[in-house]
file work-v8.pdb (PDB, C-alpha atoms)
ATOM      1  CA  MET A   1      45.817  83.429  82.516
ATOM      2  CA  SER A   2      47.737  80.599  84.215
ATOM      3  CA  LYS A   3      50.668  78.686  82.820
ATOM      4  CA  SER A   4      50.760  74.914  82.324
ATOM      5  CA  VAL A   5      53.416  72.515  81.079
ATOM      6  CA  THR A   6      52.750  69.000  79.794
ATOM      7  CA  VAL A   7      55.668  66.568  79.539
ATOM      8  CA  THR A   8      55.497  63.201  77.767
ATOM      9  CA  ILE A   9      58.272  60.806  78.799
ATOM     10  CA  PRO A  10      59.017  57.392  77.215
ATOM     11  CA  ALA A  11      59.587  54.150  79.057
ATOM     12  CA  THR A  12      63.064  52.691  78.733
ATOM     13  CA  THR A  13      64.754  49.326  78.642
ATOM     14  CA  ALA A  14      68.260  49.199  80.052
ATOM     15  CA  ASN A  15      71.323  46.945  79.837
ATOM     16  CA  LEU A  16      70.280  44.949  76.713
ATOM     17  CA  GLY A  17      72.404  42.106  78.057
ATOM     18  CA  PRO A  18      76.068  43.124  78.445
ATOM     19  CA  GLY A  19      75.465  46.901  78.627
ATOM     20  CA  PHE A  20      74.977  46.905  82.403
ATOM     21  CA  ASP A  21      74.333  50.412  83.785
ATOM     22  CA  CYS A  22      75.525  52.123  80.580
ATOM     23  CA  ILE A  23      73.127  51.308  77.690
ATOM     24  CA  GLY A  24      69.433  52.089  77.490
ATOM     25  CA  ALA A  25      66.801  52.552  74.810
ATOM     26  CA  ALA A  26      63.585  54.578  74.807
ATOM     27  CA  LEU A  27      60.390  52.669  73.985
ATOM     28  CA  THR A  28      56.983  53.673  72.645
ATOM     29  CA  LEU A  29      55.251  53.481  76.036
ATOM     30  CA  TYR A  30      54.675  56.779  77.854
ATOM     31  CA  ASN A  31      53.963  58.495  81.135
ATOM     32  CA  ILE A  32      52.539  62.016  81.000
ATOM     33  CA  LEU A  33      53.039  64.774  83.558
ATOM     34  CA  LYS A  34      51.017  68.012  83.561
ATOM     35  CA  ILE A  35      52.160  70.863  85.808
ATOM     36  CA  SER A  36      49.906  73.885  86.355
ATOM     37  CA  GLU A  37      49.956  76.947  88.543
ATOM     38  CA  GLN A  38      47.710  76.694  91.579
ATOM     39  CA  ASP A  39      44.783  79.085  91.397
ATOM     40  CA  LEU A  40      45.346  81.131  94.568
ATOM     41  CA  SER A  41      43.811  84.428  95.593
ATOM     42  CA  PRO A  42      46.163  87.319  96.494
ATOM     43  CA  GLU A  43      45.573  86.584 100.177
ATOM     44  CA  GLU A  44      46.429  82.897  99.878
ATOM     45  CA  THR A  45      49.911  81.359  99.954
ATOM     46  CA  SER A  46      50.962  77.754  99.399
ATOM     47  CA  THR A  47      54.249  75.912  99.166
ATOM     48  CA  GLN A  48      52.580  72.554  98.706
ATOM     49  CA  ALA A  49      51.887  70.675  95.504
ATOM     50  CA  MET A  50      48.465  69.268  94.699
ATOM     51  CA  ILE A  51      49.206  65.892  93.090
ATOM     52  CA  THR A  52      46.757  63.563  91.374
ATOM     53  CA  VAL A  53      47.542  60.270  89.659
ATOM     54  CA  GLN A  54      45.609  58.189  87.156
ATOM     55  CA  GLY A  55      46.390  55.232  84.913
ATOM     56  CA  VAL A  56      48.282  51.999  85.515
ATOM     57  CA  ASP A  57      49.142  51.417  89.223
ATOM     58  CA  ALA A  58      47.829  54.901  90.050
ATOM     59  CA  GLU A  59      46.789  53.865  93.546
ATOM     60  CA  ARG A  60      50.378  52.920  94.394
ATOM     61  CA  LEU A  61      51.996  56.258  93.597
ATOM     62  CA  SER A  62      52.403  58.832  96.361
ATOM     63  CA  THR A  63      50.432  62.071  96.118
ATOM     64  CA  ASP A  64      52.413  63.691  98.929
ATOM     65  CA  GLN A  65      55.534  65.835  98.802
ATOM     66  CA  ASP A  66      57.723  62.701  98.578
ATOM     67  CA  ASN A  67      56.396  62.007  95.070
ATOM     68  CA  LEU A  68      59.497  61.532  92.930
ATOM     69  CA  ALA A  69      58.324  63.784  90.082
ATOM     70  CA  TYR A  70      57.669  66.582  92.572
ATOM     71  CA  GLN A  71      61.051  66.006  94.238
ATOM     72  CA  ALA A  72      62.671  66.434  90.816
ATOM     73  CA  PHE A  73      60.617  69.588  90.233
ATOM     74  CA  VAL A  74      61.871  71.043  93.533
ATOM     75  CA  LYS A  75      65.444  69.868  92.817
ATOM     76  CA  LEU A  76      65.677  71.962  89.663
ATOM     77  CA  TYR A  77      64.383  75.085  91.386
ATOM     78  CA  GLN A  78      66.902  74.561  94.179
ATOM     79  CA  HIS A  79      69.630  74.186  91.569
ATOM     80  CA  ILE A  80      68.784  77.548  89.998
ATOM     81  CA  GLY A  81      68.458  79.217  93.389
ATOM     82  CA  GLN A  82      64.730  79.839  93.322
ATOM     83  CA  SER A  83      61.800  78.744  95.465
ATOM     84  CA  PRO A  84      59.458  76.357  93.648
ATOM     85  CA  PRO A  85      56.069  77.871  92.877
ATOM     86  CA  PRO A  86      52.846  76.295  94.179
ATOM     87  CA  VAL A  87      51.691  73.910  91.472
ATOM     88  CA  LYS A  88      49.210  71.215  90.605
ATOM     89  CA  MET A  89      50.657  67.982  89.191
ATOM     90  CA  GLU A  90      48.559  65.554  87.179
ATOM     91  CA  ILE A  91      50.338  62.266  86.456
ATOM     92  CA  ASN A  92      49.027  59.785  83.906
ATOM     93  CA  LEU A  93      50.801  56.412  84.059
ATOM     94  CA  GLY A  94      50.928  54.435  80.836
ATOM     95  CA  PHE A  95      52.886  51.442  82.139
ATOM     96  CA  PRO A  96      53.308  49.732  85.542
ATOM     97  CA  LEU A  97      55.754  50.606  88.305
ATOM     98  CA  ALA A  98      58.760  48.538  89.442
ATOM     99  CA  ARG A  99      58.850  46.334  86.329
ATOM    100  CA  GLY A 100      62.193  47.264  84.753
ATOM    101  CA  LEU A 101      60.800  49.844  82.331
ATOM    102  CA  GLY A 102      62.306  52.972  83.861
ATOM    103  CA  SER A 103      59.282  54.309  85.769
ATOM    104  CA  SER A 104      61.515  56.178  88.234
ATOM    105  CA  ALA A 105      63.458  57.673  85.321
ATOM    106  CA  THR A 106      60.237  59.022  83.796
ATOM    107  CA  ALA A 107      59.363  60.669  87.112
ATOM    108  CA  ILE A 108      62.795  62.270  87.458
ATOM    109  CA  VAL A 109      63.051  63.382  83.846
ATOM    110  CA  GLY A 110      59.429  64.562  83.791
ATOM    111  CA  GLY A 111      59.824  66.604  86.962
ATOM    112  CA  LEU A 112      63.106  68.183  85.838
ATOM    113  CA  VAL A 113      62.014  68.932  82.262
ATOM    114  CA  GLY A 114      58.679  70.279  83.509
ATOM    115  CA  ALA A 115      60.341  72.505  86.097
ATOM    116  CA  ASN A 116      62.871  73.806  83.586
ATOM    117  CA  ALA A 117      60.098  74.687  81.127
ATOM    118  CA  PHE A 118      58.010  76.197  83.908
ATOM    119  CA  ALA A 119      60.964  78.380  84.961
ATOM    120  CA  GLY A 120      61.595  79.629  81.428
ATOM    121  CA  SER A 121      64.265  77.053  80.412
ATOM    122  CA  PRO A 122      67.247  78.442  82.376
ATOM    123  CA  LEU A 123      69.146  75.134  82.051
ATOM    124  CA  SER A 124      70.437  73.447  78.920
ATOM    125  CA  GLN A 125      69.445  69.891  78.059
ATOM    126  CA  THR A 126      72.896  68.712  79.193
ATOM    127  CA  GLU A 127      72.483  70.410  82.565
ATOM    128  CA  VAL A 128      69.066  68.816  83.002
ATOM    129  CA  MET A 129      70.573  65.457  82.043
ATOM    130  CA  ASN A 130      73.335  65.776  84.650
ATOM    131  CA  LEU A 131      70.772  66.546  87.356
ATOM    132  CA  ALA A 132      68.759  63.498  86.281
ATOM    133  CA  ILE A 133      71.794  61.206  86.422
ATOM    134  CA  ALA A 134      72.701  62.541  89.869
ATOM    135  CA  MET A 135      69.172  61.885  91.161
ATOM    136  CA  GLU A 136      68.875  58.396  89.627
ATOM    137  CA  GLY A 137      72.440  57.355  90.456
ATOM    138  CA  HIS A 138      73.158  55.849  87.026
ATOM    139  CA  PRO A 139      72.501  57.013  83.464
ATOM    140  CA  ASP A 140      71.129  54.004  81.602
ATOM    141  CA  ASN A 141      67.427  54.885  81.981
ATOM    142  CA  VAL A 142      67.316  58.655  82.452
ATOM    143  CA  VAL A 143      69.473  59.454  79.405
ATOM    144  CA  PRO A 144      67.268  57.712  76.784
ATOM    145  CA  ALA A 145      64.145  58.883  78.638
ATOM    146  CA  LEU A 146      65.383  62.440  78.116
ATOM    147  CA  LEU A 147      66.981  62.124  74.672
ATOM    148  CA  GLY A 148      65.142  59.202  73.035
ATOM    149  CA  ASN A 149      66.722  56.469  70.865
ATOM    150  CA  CYS A 150      69.351  54.026  72.151
ATOM    151  CA  GLN A 151      72.094  55.704  74.154
ATOM    152  CA  LEU A 152      75.485  54.690  75.538
ATOM    153  CA  SER A 153      76.561  56.770  78.554
ATOM    154  CA  VAL A 154      80.247  56.910  79.471
ATOM    155  CA  ALA A 155      81.711  58.702  82.506
ATOM    156  CA  ALA A 156      84.488  60.924  81.150
ATOM    157  CA  SER A 157      85.206  62.224  84.657
ATOM    158  CA  GLN A 158      83.453  62.404  87.995
ATOM    159  CA  SER A 159      81.232  65.231  86.779
ATOM    160  CA  HIS A 160      81.175  64.830  82.984
ATOM    161  CA  TRP A 161      79.432  62.286  80.762
ATOM    162  CA  GLU A 162      79.966  61.496  77.122
ATOM    163  CA  ILE A 163      76.708  60.381  75.514
ATOM    164  CA  CYS A 164      76.849  58.345  72.319
ATOM    165  CA  GLU A 165      73.701  57.529  70.375
ATOM    166  CA  ILE A 166      73.731  53.933  69.139
ATOM    167  CA  PRO A 167      71.949  53.541  65.782
ATOM    168  CA  TRP A 168      69.093  51.049  66.044
ATOM    169  CA  HIS A 169      68.394  49.215  62.799
ATOM    170  CA  PRO A 170      64.710  49.582  61.862
ATOM    171  CA  SER A 171      64.337  45.838  61.270
ATOM    172  CA  ILE A 172      64.894  45.079  64.994
ATOM    173  CA  ILE A 173      61.625  44.851  66.946
ATOM    174  CA  PRO A 174      61.740  45.178  70.762
ATOM    175  CA  ILE A 175      59.145  42.941  72.440
ATOM    176  CA  VAL A 176      58.476  43.355  76.163
ATOM    177  CA  ALA A 177      56.711  40.829  78.371
ATOM    178  CA  ILE A 178      55.513  42.596  81.524
ATOM    179  CA  PRO A 179      54.502  40.170  84.307
ATOM    180  CA  ASN A 180      52.053  40.878  87.125
ATOM    181  CA  PHE A 181      54.737  40.741  89.829
ATOM    182  CA  GLU A 182      57.393  43.227  90.869
ATOM    183  CA  LEU A 183      61.132  43.105  91.426
ATOM    184  CA  SER A 184      62.703  46.028  93.233
ATOM    185  CA  THR A 185      65.939  47.474  91.890
ATOM    186  CA  THR A 186      67.383  47.238  95.407
ATOM    187  CA  GLU A 187      66.750  43.486  95.554
ATOM    188  CA  ALA A 188      68.058  43.001  92.013
ATOM    189  CA  ARG A 189      71.296  44.783  92.926
ATOM    190  CA  ARG A 190      71.664  42.934  96.226
ATOM    191  CA  VAL A 191      72.231  39.589  94.484
ATOM    192  CA  LEU A 192      75.117  40.876  92.368
ATOM    193  CA  PRO A 193      78.711  40.045  93.362
ATOM    194  CA  THR A 194      81.074  42.808  94.392
ATOM    195  CA  GLU A 195      83.943  41.448  92.263
ATOM    196  CA  TYR A 196      84.201  39.750  88.875
ATOM    197  CA  SER A 197      86.875  37.630  87.254
ATOM    198  CA  ARG A 198      89.070  38.877  84.434
ATOM    199  CA  THR A 199      87.456  36.250  82.196
ATOM    200  CA  ASP A 200      83.978  37.642  82.828
ATOM    201  CA  ALA A 201      85.170  41.230  82.293
ATOM    202  CA  ILE A 202      86.705  40.313  78.936
ATOM    203  CA  PHE A 203      83.562  38.382  77.986
ATOM    204  CA  ASN A 204      81.330  41.397  78.571
ATOM    205  CA  THR A 205      83.700  43.828  76.888
ATOM    206  CA  ALA A 206      83.690  41.739  73.709
ATOM    207  CA  HIS A 207      79.939  41.189  73.749
ATOM    208  CA  LEU A 208      79.208  44.864  74.333
ATOM    209  CA  GLY A 209      81.253  45.765  71.257
ATOM    210  CA  LEU A 210      79.360  43.206  69.198
ATOM    211  CA  LEU A 211      76.031  44.437  70.598
ATOM    212  CA  VAL A 212      76.697  47.958  69.337
ATOM    213  CA  ARG A 213      77.457  46.659  65.831
ATOM    214  CA  GLY A 214      74.545  44.217  65.909
ATOM    215  CA  LEU A 215      72.057  46.964  66.787
ATOM    216  CA  GLU A 216      73.455  49.191  64.060
ATOM    217  CA  THR A 217      73.416  46.559  61.306
ATOM    218  CA  GLY A 218      70.470  44.388  62.356
ATOM    219  CA  LYS A 219      72.542  41.232  61.849
ATOM    220  CA  GLY A 220      70.712  38.483  63.715
ATOM    221  CA  ASN A 221      73.744  36.216  64.087
ATOM    222  CA  TRP A 222      75.620  38.998  65.864
ATOM    223  CA  LEU A 223      72.696  39.845  68.139
ATOM    224  CA  ARG A 224      72.221  36.198  69.151
ATOM    225  CA  VAL A 225      75.755  36.178  70.544
ATOM    226  CA  ALA A 226      76.002  39.820  71.613
ATOM    227  CA  MET A 227      73.131  39.819  74.116
ATOM    228  CA  GLN A 228      74.817  37.250  76.340
ATOM    229  CA  ASP A 229      76.081  38.592  79.659
ATOM    230  CA  LYS A 230      78.056  37.507  82.738
ATOM    231  CA  ILE A 231      77.761  40.622  84.917
ATOM    232  CA  HIS A 232      74.138  40.736  86.072
ATOM    233  CA  GLN A 233      71.814  38.288  84.314
ATOM    234  CA  PRO A 234      73.215  35.015  85.709
ATOM    235  CA  TYR A 235      72.556  36.334  89.217
ATOM    236  CA  ARG A 236      69.141  37.885  88.620
ATOM    237  CA  GLN A 237      67.542  35.034  86.686
ATOM    238  CA  SER A 238      66.640  33.166  89.869
ATOM    239  CA  LEU A 239      64.546  36.148  91.022
ATOM    240  CA  ILE A 240      62.265  35.834  87.968
ATOM    241  CA  ILE A 241      59.977  32.814  87.979
ATOM    242  CA  GLY A 242      59.927  30.992  84.635
ATOM    243  CA  TYR A 243      62.793  33.020  83.171
ATOM    244  CA  GLU A 244      64.525  30.211  81.291
ATOM    245  CA  ALA A 245      61.253  28.769  79.974
ATOM    246  CA  VAL A 246      60.206  32.167  78.596
ATOM    247  CA  ARG A 247      63.664  32.704  77.088
ATOM    248  CA  LEU A 248      63.690  29.340  75.300
ATOM    249  CA  ALA A 249      60.133  29.856  74.050
ATOM    250  CA  ALA A 250      61.057  33.233  72.589
ATOM    251  CA  ILE A 251      64.175  31.887  70.872
ATOM    252  CA  ASN A 252      62.333  28.850  69.486
ATOM    253  CA  ALA A 253      59.709  31.231  68.068
ATOM    254  CA  GLY A 254      62.370  33.214  66.212
ATOM    255  CA  ALA A 255      63.762  35.793  68.641
ATOM    256  CA  TYR A 256      67.437  36.615  68.354
ATOM    257  CA  GLU A 257      67.755  36.500  72.143
ATOM    258  CA  LEU A 258      65.915  37.427  75.327
ATOM    259  CA  VAL A 259      67.287  39.486  78.221
ATOM    260  CA  ILE A 260      66.119  41.062  81.465
ATOM    261  CA  SER A 261      64.829  44.590  80.927
ATOM    262  CA  GLY A 262      66.611  46.826  83.405
ATOM    263  CA  ALA A 263      66.443  45.207  86.823
ATOM    264  CA  GLY A 264      63.434  43.110  85.755
ATOM    265  CA  PRO A 265      61.097  41.363  85.998
ATOM    266  CA  THR A 266      60.025  42.529  82.513
ATOM    267  CA  LEU A 267      61.772  40.483  79.844
ATOM    268  CA  LEU A 268      62.898  41.930  76.514
ATOM    269  CA  ALA A 269      63.215  39.955  73.309
ATOM    270  CA  LEU A 270      64.625  41.294  70.055
ATOM    271  CA  SER A 271      63.253  39.916  66.824
ATOM    272  CA  ASP A 272      62.645  40.723  63.187
ATOM    273  CA  ALA A 273      59.185  41.899  62.148
ATOM    274  CA  THR A 274      58.180  38.555  60.635
ATOM    275  CA  SER A 275      58.827  36.590  63.828
ATOM    276  CA  ALA A 276      57.601  39.232  66.278
ATOM    277  CA  PRO A 277      53.950  38.032  66.573
ATOM    278  CA  ASP A 278      55.055  34.429  67.168
ATOM    279  CA  VAL A 279      57.652  35.550  69.707
ATOM    280  CA  ALA A 280      55.094  37.611  71.626
ATOM    281  CA  LEU A 281      52.623  34.728  71.740
ATOM    282  CA  ALA A 282      55.291  32.222  72.796
ATOM    283  CA  MET A 283      56.481  34.438  75.654
ATOM    284  CA  ALA A 284      52.953  34.846  76.988
ATOM    285  CA  GLU A 285      52.143  31.140  76.751
ATOM    286  CA  ALA A 286      55.383  30.149  78.472
ATOM    287  CA  TRP A 287      54.741  32.434  81.437
ATOM    288  CA  HIS A 288      51.110  31.328  81.702
ATOM    289  CA  GLN A 289      52.420  27.834  82.449
ATOM    290  CA  PHE A 290      53.797  29.301  85.688
ATOM    291  CA  SER A 291      50.434  30.946  86.491
ATOM    292  CA  VAL A 292      51.926  34.360  85.745
ATOM    293  CA  LYS A 293      49.652  36.903  84.118
ATOM    294  CA  VAL A 294      51.598  38.868  81.561
ATOM    295  CA  GLU A 295      51.126  41.700  79.079
ATOM    296  CA  VAL A 296      53.252  41.324  75.944
ATOM    297  CA  ARG A 297      53.815  44.317  73.665
ATOM    298  CA  SER A 298      55.670  44.619  70.365
ATOM    299  CA  LEU A 299      57.033  48.155  70.420
ATOM    300  CA  GLN A 300      59.302  50.524  68.549
ATOM    301  CA  ILE A 301      62.193  52.733  69.595
ATOM    302  CA  ASP A 302      61.048  56.192  70.635
ATOM    303  CA  THR A 303      63.155  58.746  68.771
ATOM    304  CA  GLN A 304      62.065  61.962  70.489
ATOM    305  CA  GLY A 305      62.653  61.457  74.204
ATOM    306  CA  ALA A 306      60.925  63.737  76.699
ATOM    307  CA  GLU A 307      58.788  66.320  74.921
ATOM    308  CA  PHE A 308      57.082  69.282  76.549
ATOM    309  CA  THR A 309      54.445  71.843  75.650
ATOM    310  CA  VAL A 310      53.975  75.163  77.431
ATOM    311  CA  TYR A 311      50.599  76.840  77.163
ATOM    312  CA  SER A 312      48.323  79.287  78.988
ATOM    313  CA  GLU A 313      44.878  78.533  80.332
ATOM    314  CA  GLN A 314      41.988  80.789  81.288
TER     315      GLN A 314
END
call {"tool": "encode", "arguments": {"input": "work-v8.pdb", "output": "structure tokens"}}
result
Amino acid sequence: MSKSVTVTIPATTANLGPGFDCIGAALTLYNILKISEQDLSPEETSTQAMITVQGVDAERLSTDQDNLAYQAFVKLYQHIGQSPPPVKMEINLGFPLARGLGSSATAIVGGLVGANAFAGSPLSQTEVMNLAIAMEGHPDNVVPALLGNCQLSVAASQSHWEICEIPWHPSIIPIVAIPNFELSTTEARRVLPTEYSRTDAIFNTAHLGLLVRGLETGKGNWLRVAMQDKIHQPYRQSLIIGYEAVRLAAINAGAYELVISGAGPTLLALSDATSAPDVALAMAEAWHQFSVKVEVRSLQIDTQGAEFTVYSEQ
């Protein structure tokens, strides 16, 4: 009998406008990671992982030891003071890489959760979360990928985070438009200023407070104002061809507002259920005018986060 662990991890959308690097929400798009013991004879030894990838952008993901999910797997074993066992990893990608949907967060969370389950769950969920934040460098994607729902992450100290779930009103529909071009997080961060004015800081503080209440109540008038931002979006818009045209098309079709999902280039619109089909169509048509192929999906908020199953195989 050999042990296997399967982990299902949701995509995420981060920032939601003014919540730069601190707010993220889990979406109903998923990557799946299966980890199994390598079938070795008593004479054989192996410290290497056998990694296979299928699904969206599968050919672009490393199958060597630098694979991020495997690095996370090894990281957890190092943290508990054990050598990682020889394993097979099967990765099934349900959404594209480098699009602002938290693909790196799914790899980190999947590798850590899978390793913890494989090792007999020596770490608590909070300990796994802290490892994930340390690997990613910021919490906005890894926290909702692990916990599900919409989450606000606040640094209480250098080594402690307070995590606050933000209620998401069921009438609010997240609509993602995923274009056929990439935007690296490194490039998206490079264009940001190193300092901001007091006016811009106050602007974002006020809008973040309104965003939290707007998400909780579903009040469209609040969301239309709350999703405005002066910290990252004004500087990243120029990196996304057709951004303003897609935004105006979404709003004219009934969206409350449109923002950059994470570092982009995926764009996120929030809408009510009645307007959602028109918003999705308008976003696609607007981007097609710029010869951009795009996949538009009306989604829901994932409420479970990363889920794992441990089982034995013959």
call {"tool": "resolve_selection", "arguments": {"input": "work-v8.pdb", "expression": "the PyMOL selection byres ((chain A and resi 289) around 12)", "output": "ChimeraX atom specification"}}
result
/A:241-243,245-246,249,282-288,290-294
call {"tool": "resolve_selection", "arguments": {"input": "work-v8.pdb", "expression": "the PyMOL selection byres ((chain A and resi 105) around 9)", "output": "MDAnalysis selection string"}}
result
chainID A and resid 9 11:12 101:104 106:110 132 136 141:143 145:146
call {"tool": "closest_residue", "arguments": {"input": "work-v8.pdb", "among": "A:Val154, A:Ile23, A:Ile231, A:Ile35", "to": "Glu313 in chain A", "atoms": "all atoms listed in the file"}}
result
A:Ile35
call {"tool": "closest_residue", "arguments": {"input": "work-v8.pdb", "among": "A:Thr13, A:Asn149, A:Gln48, A:Thr274", "to": "Ser83 in chain A", "atoms": "all atoms listed in the file"}}
result
A:Gln48
call {"tool": "residues_around", "arguments": {"input": "work-v8.pdb", "residues": "Gln300 in chain A", "least_positions_apart": "6", "cutoff": "12 Å", "atoms": "all atoms listed in the file", "output": "PyMOL selection string"}}
result
chain A and resi 10-13+25-29+148-150+168-176+270-273+276
call {"tool": "closest_residue", "arguments": {"input": "work-v8.pdb", "among": "A:Tyr77, A:Tyr256, A:Tyr70, A:Phe181", "to": "Leu33 in chain A", "atoms": "only C-alpha atoms"}}
result
A:Tyr70
call {"tool": "residues_near_point", "arguments": {"input": "work-v8.pdb", "point": "(56.0, 40.8, 89.4)", "cutoff": "12 Å", "atoms": "all atoms listed in the file", "output": "number ranges by chain"}}
result
A: 96-100, 177-184, 239-242, 263-267, 287, 291-295
call {"tool": "residues_around", "arguments": {"input": "work-v8.pdb", "residues": "range 117-125 of chain A", "least_positions_apart": "5", "cutoff": "10 Å", "atoms": "all atoms listed in the file", "output": "list of chain:residue names"}}
result
A:Lys3, A:Ser4, A:Val5, A:Thr6, A:Val7, A:Ile35, A:Ser36, A:Glu37, A:Phe73, A:Leu76, A:Tyr77, A:His79, A:Ile80, A:Gln82, A:Pro84, A:Pro85, A:Gly111, A:Leu112, A:Asn130, A:Leu131, A:Leu146, A:Leu147, A:Phe308, A:Thr309, A:Val310
call {"tool": "closest_residue", "arguments": {"input": "work-v8.pdb", "among": "A:Thr8, A:Ser261, A:Gln151, A:Gln233", "to": "Leu215 in chain A", "atoms": "only C-alpha atoms"}}
result
A:Gln151
call {"tool": "resolve_selection", "arguments": {"input": "work-v8.pdb", "expression": "the PyMOL selection byres ((chain A and resi 204) around 10)", "output": "list in words"}}
result
Gly17, Pro18, Gly19, Phe20, Thr199, Asp200, Ala201, Ile202, Phe203, Thr205, Ala206, His207, Leu208, Gly209, Leu210, Ala226, Met227, Gln228, Asp229, Lys230 and Ile231 of chain A
call {"tool": "write_last_selection", "arguments": {"input": "work-v8.pdb", "atoms": "C-alpha atoms", "output": "PDB file, in the frame of the given file"}}
result
ATOM      1  CA  GLY A  17      72.404  42.106  78.057  1.00  0.00           C
ATOM      2  CA  PRO A  18      76.068  43.124  78.445  1.00  0.00           C
ATOM      3  CA  GLY A  19      75.465  46.901  78.627  1.00  0.00           C
ATOM      4  CA  PHE A  20      74.977  46.905  82.403  1.00  0.00           C
ATOM      5  CA  THR A 199      87.456  36.250  82.196  1.00  0.00           C
ATOM      6  CA  ASP A 200      83.978  37.642  82.828  1.00  0.00           C
ATOM      7  CA  ALA A 201      85.170  41.230  82.293  1.00  0.00           C
ATOM      8  CA  ILE A 202      86.705  40.313  78.936  1.00  0.00           C
ATOM      9  CA  PHE A 203      83.562  38.382  77.986  1.00  0.00           C
ATOM     10  CA  THR A 205      83.700  43.828  76.888  1.00  0.00           C
ATOM     11  CA  ALA A 206      83.690  41.739  73.709  1.00  0.00           C
ATOM     12  CA  HIS A 207      79.939  41.189  73.749  1.00  0.00           C
ATOM     13  CA  LEU A 208      79.208  44.864  74.333  1.00  0.00           C
ATOM     14  CA  GLY A 209      81.253  45.765  71.257  1.00  0.00           C
ATOM     15  CA  LEU A 210      79.360  43.206  69.198  1.00  0.00           C
ATOM     16  CA  ALA A 226      76.002  39.820  71.613  1.00  0.00           C
ATOM     17  CA  MET A 227      73.131  39.819  74.116  1.00  0.00           C
ATOM     18  CA  GLN A 228      74.817  37.250  76.340  1.00  0.00           C
ATOM     19  CA  ASP A 229      76.081  38.592  79.659  1.00  0.00           C
ATOM     20  CA  LYS A 230      78.056  37.507  82.738  1.00  0.00           C
ATOM     21  CA  ILE A 231      77.761  40.622  84.917  1.00  0.00           C
TER      22      ILE A 231
END
call {"tool": "residues_around", "arguments": {"input": "work-v8.pdb", "residues": "Glu59 in chain A", "least_positions_apart": "6", "cutoff": "12 Å", "atoms": "all atoms listed in the file", "output": "PyMOL selection string"}}
result
chain A and resi 52-53+91-93+96-97
call {"tool": "atom_distance", "arguments": {"input": "work-v8.pdb", "atom1": "CA of Leu223 in chain A", "atom2": "CA of Leu211 in chain A"}}
result
6.2 Å
call {"tool": "closest_residue", "arguments": {"input": "work-v8.pdb", "among": "A:Thr303, A:Ser153, A:Gln78, A:Ser62", "to": "Asn116 in chain A", "atoms": "all atoms listed in the file"}}
result
A:Gln78
call {"tool": "closest_residue", "arguments": {"input": "work-v8.pdb", "among": "A:Ile166, A:Ile251, A:Ala134, A:Met129", "to": "Arg213 in chain A", "atoms": "all atoms listed in the file"}}
result
A:Ile166
call {"tool": "atom_distance", "arguments": {"input": "work-v8.pdb", "atom1": "CA of Gln304 in chain A", "atom2": "CA of Thr126 in chain A"}}
result
15.4 Å
call {"tool": "atom_distance", "arguments": {"input": "work-v8.pdb", "atom1": "CA of Pro193 in chain A", "atom2": "CA of Ser238 in chain A"}}
result
14.3 Å
call {"tool": "axis_aligned_box", "arguments": {"input": "work-v8.pdb", "around": "range 198-215 of chain A", "padding_each_side": "5 Å", "output": "lines of an AutoDock Vina configuration file"}}
result
center_x = 80.6
center_y = 42.1
center_z = 75.1
size_x = 27.0
size_y = 21.7
size_z = 28.6
call {"tool": "build_atoms", "arguments": {"input": "work-v8.pdb", "residues": "range 297-307 of chain A", "atoms": "N, CA and C atoms", "output": "PDB file, in the coordinates of the input"}}
result
ATOM      1  N   ARG A 297      53.983  43.212  74.624  1.00  0.00           N
ATOM      2  CA  ARG A 297      53.815  44.317  73.665  1.00  0.00           C
ATOM      3  C   ARG A 297      54.976  44.334  72.676  1.00  0.00           C
ATOM      4  N   SER A 298      54.668  44.348  71.393  1.00  0.00           N
ATOM      5  CA  SER A 298      55.670  44.619  70.365  1.00  0.00           C
ATOM      6  C   SER A 298      55.719  46.131  70.169  1.00  0.00           C
ATOM      7  N   LEU A 299      56.898  46.706  70.389  1.00  0.00           N
ATOM      8  CA  LEU A 299      57.033  48.155  70.420  1.00  0.00           C
ATOM      9  C   LEU A 299      57.983  48.645  69.335  1.00  0.00           C
ATOM     10  N   GLN A 300      58.281  49.914  69.387  1.00  0.00           N
ATOM     11  CA  GLN A 300      59.302  50.524  68.549  1.00  0.00           C
ATOM     12  C   GLN A 300      60.217  51.352  69.441  1.00  0.00           C
ATOM     13  N   ILE A 301      61.304  51.841  68.861  1.00  0.00           N
ATOM     14  CA  ILE A 301      62.193  52.733  69.595  1.00  0.00           C
ATOM     15  C   ILE A 301      61.652  54.160  69.487  1.00  0.00           C
ATOM     16  N   ASP A 302      61.448  54.787  70.643  1.00  0.00           N
ATOM     17  CA  ASP A 302      61.048  56.192  70.635  1.00  0.00           C
ATOM     18  C   ASP A 302      62.251  57.038  70.231  1.00  0.00           C
ATOM     19  N   THR A 303      62.044  57.945  69.303  1.00  0.00           N
ATOM     20  CA  THR A 303      63.155  58.746  68.771  1.00  0.00           C
ATOM     21  C   THR A 303      63.169  60.181  69.284  1.00  0.00           C
ATOM     22  N   GLN A 304      62.178  60.559  70.078  1.00  0.00           N
ATOM     23  CA  GLN A 304      62.065  61.962  70.489  1.00  0.00           C
ATOM     24  C   GLN A 304      62.502  62.213  71.924  1.00  0.00           C
ATOM     25  N   GLY A 305      62.370  61.223  72.797  1.00  0.00           N
ATOM     26  CA  GLY A 305      62.653  61.457  74.204  1.00  0.00           C
ATOM     27  C   GLY A 305      61.565  62.286  74.857  1.00  0.00           C
ATOM     28  N   ALA A 306      61.908  62.933  75.965  1.00  0.00           N
ATOM     29  CA  ALA A 306      60.925  63.737  76.699  1.00  0.00           C
ATOM     30  C   ALA A 306      60.560  64.979  75.882  1.00  0.00           C
ATOM     31  N   GLU A 307      59.276  65.162  75.664  1.00  0.00           N
ATOM     32  CA  GLU A 307      58.788  66.320  74.921  1.00  0.00           C
ATOM     33  C   GLU A 307      57.847  67.124  75.813  1.00  0.00           C
TER      34      GLU A 307
END
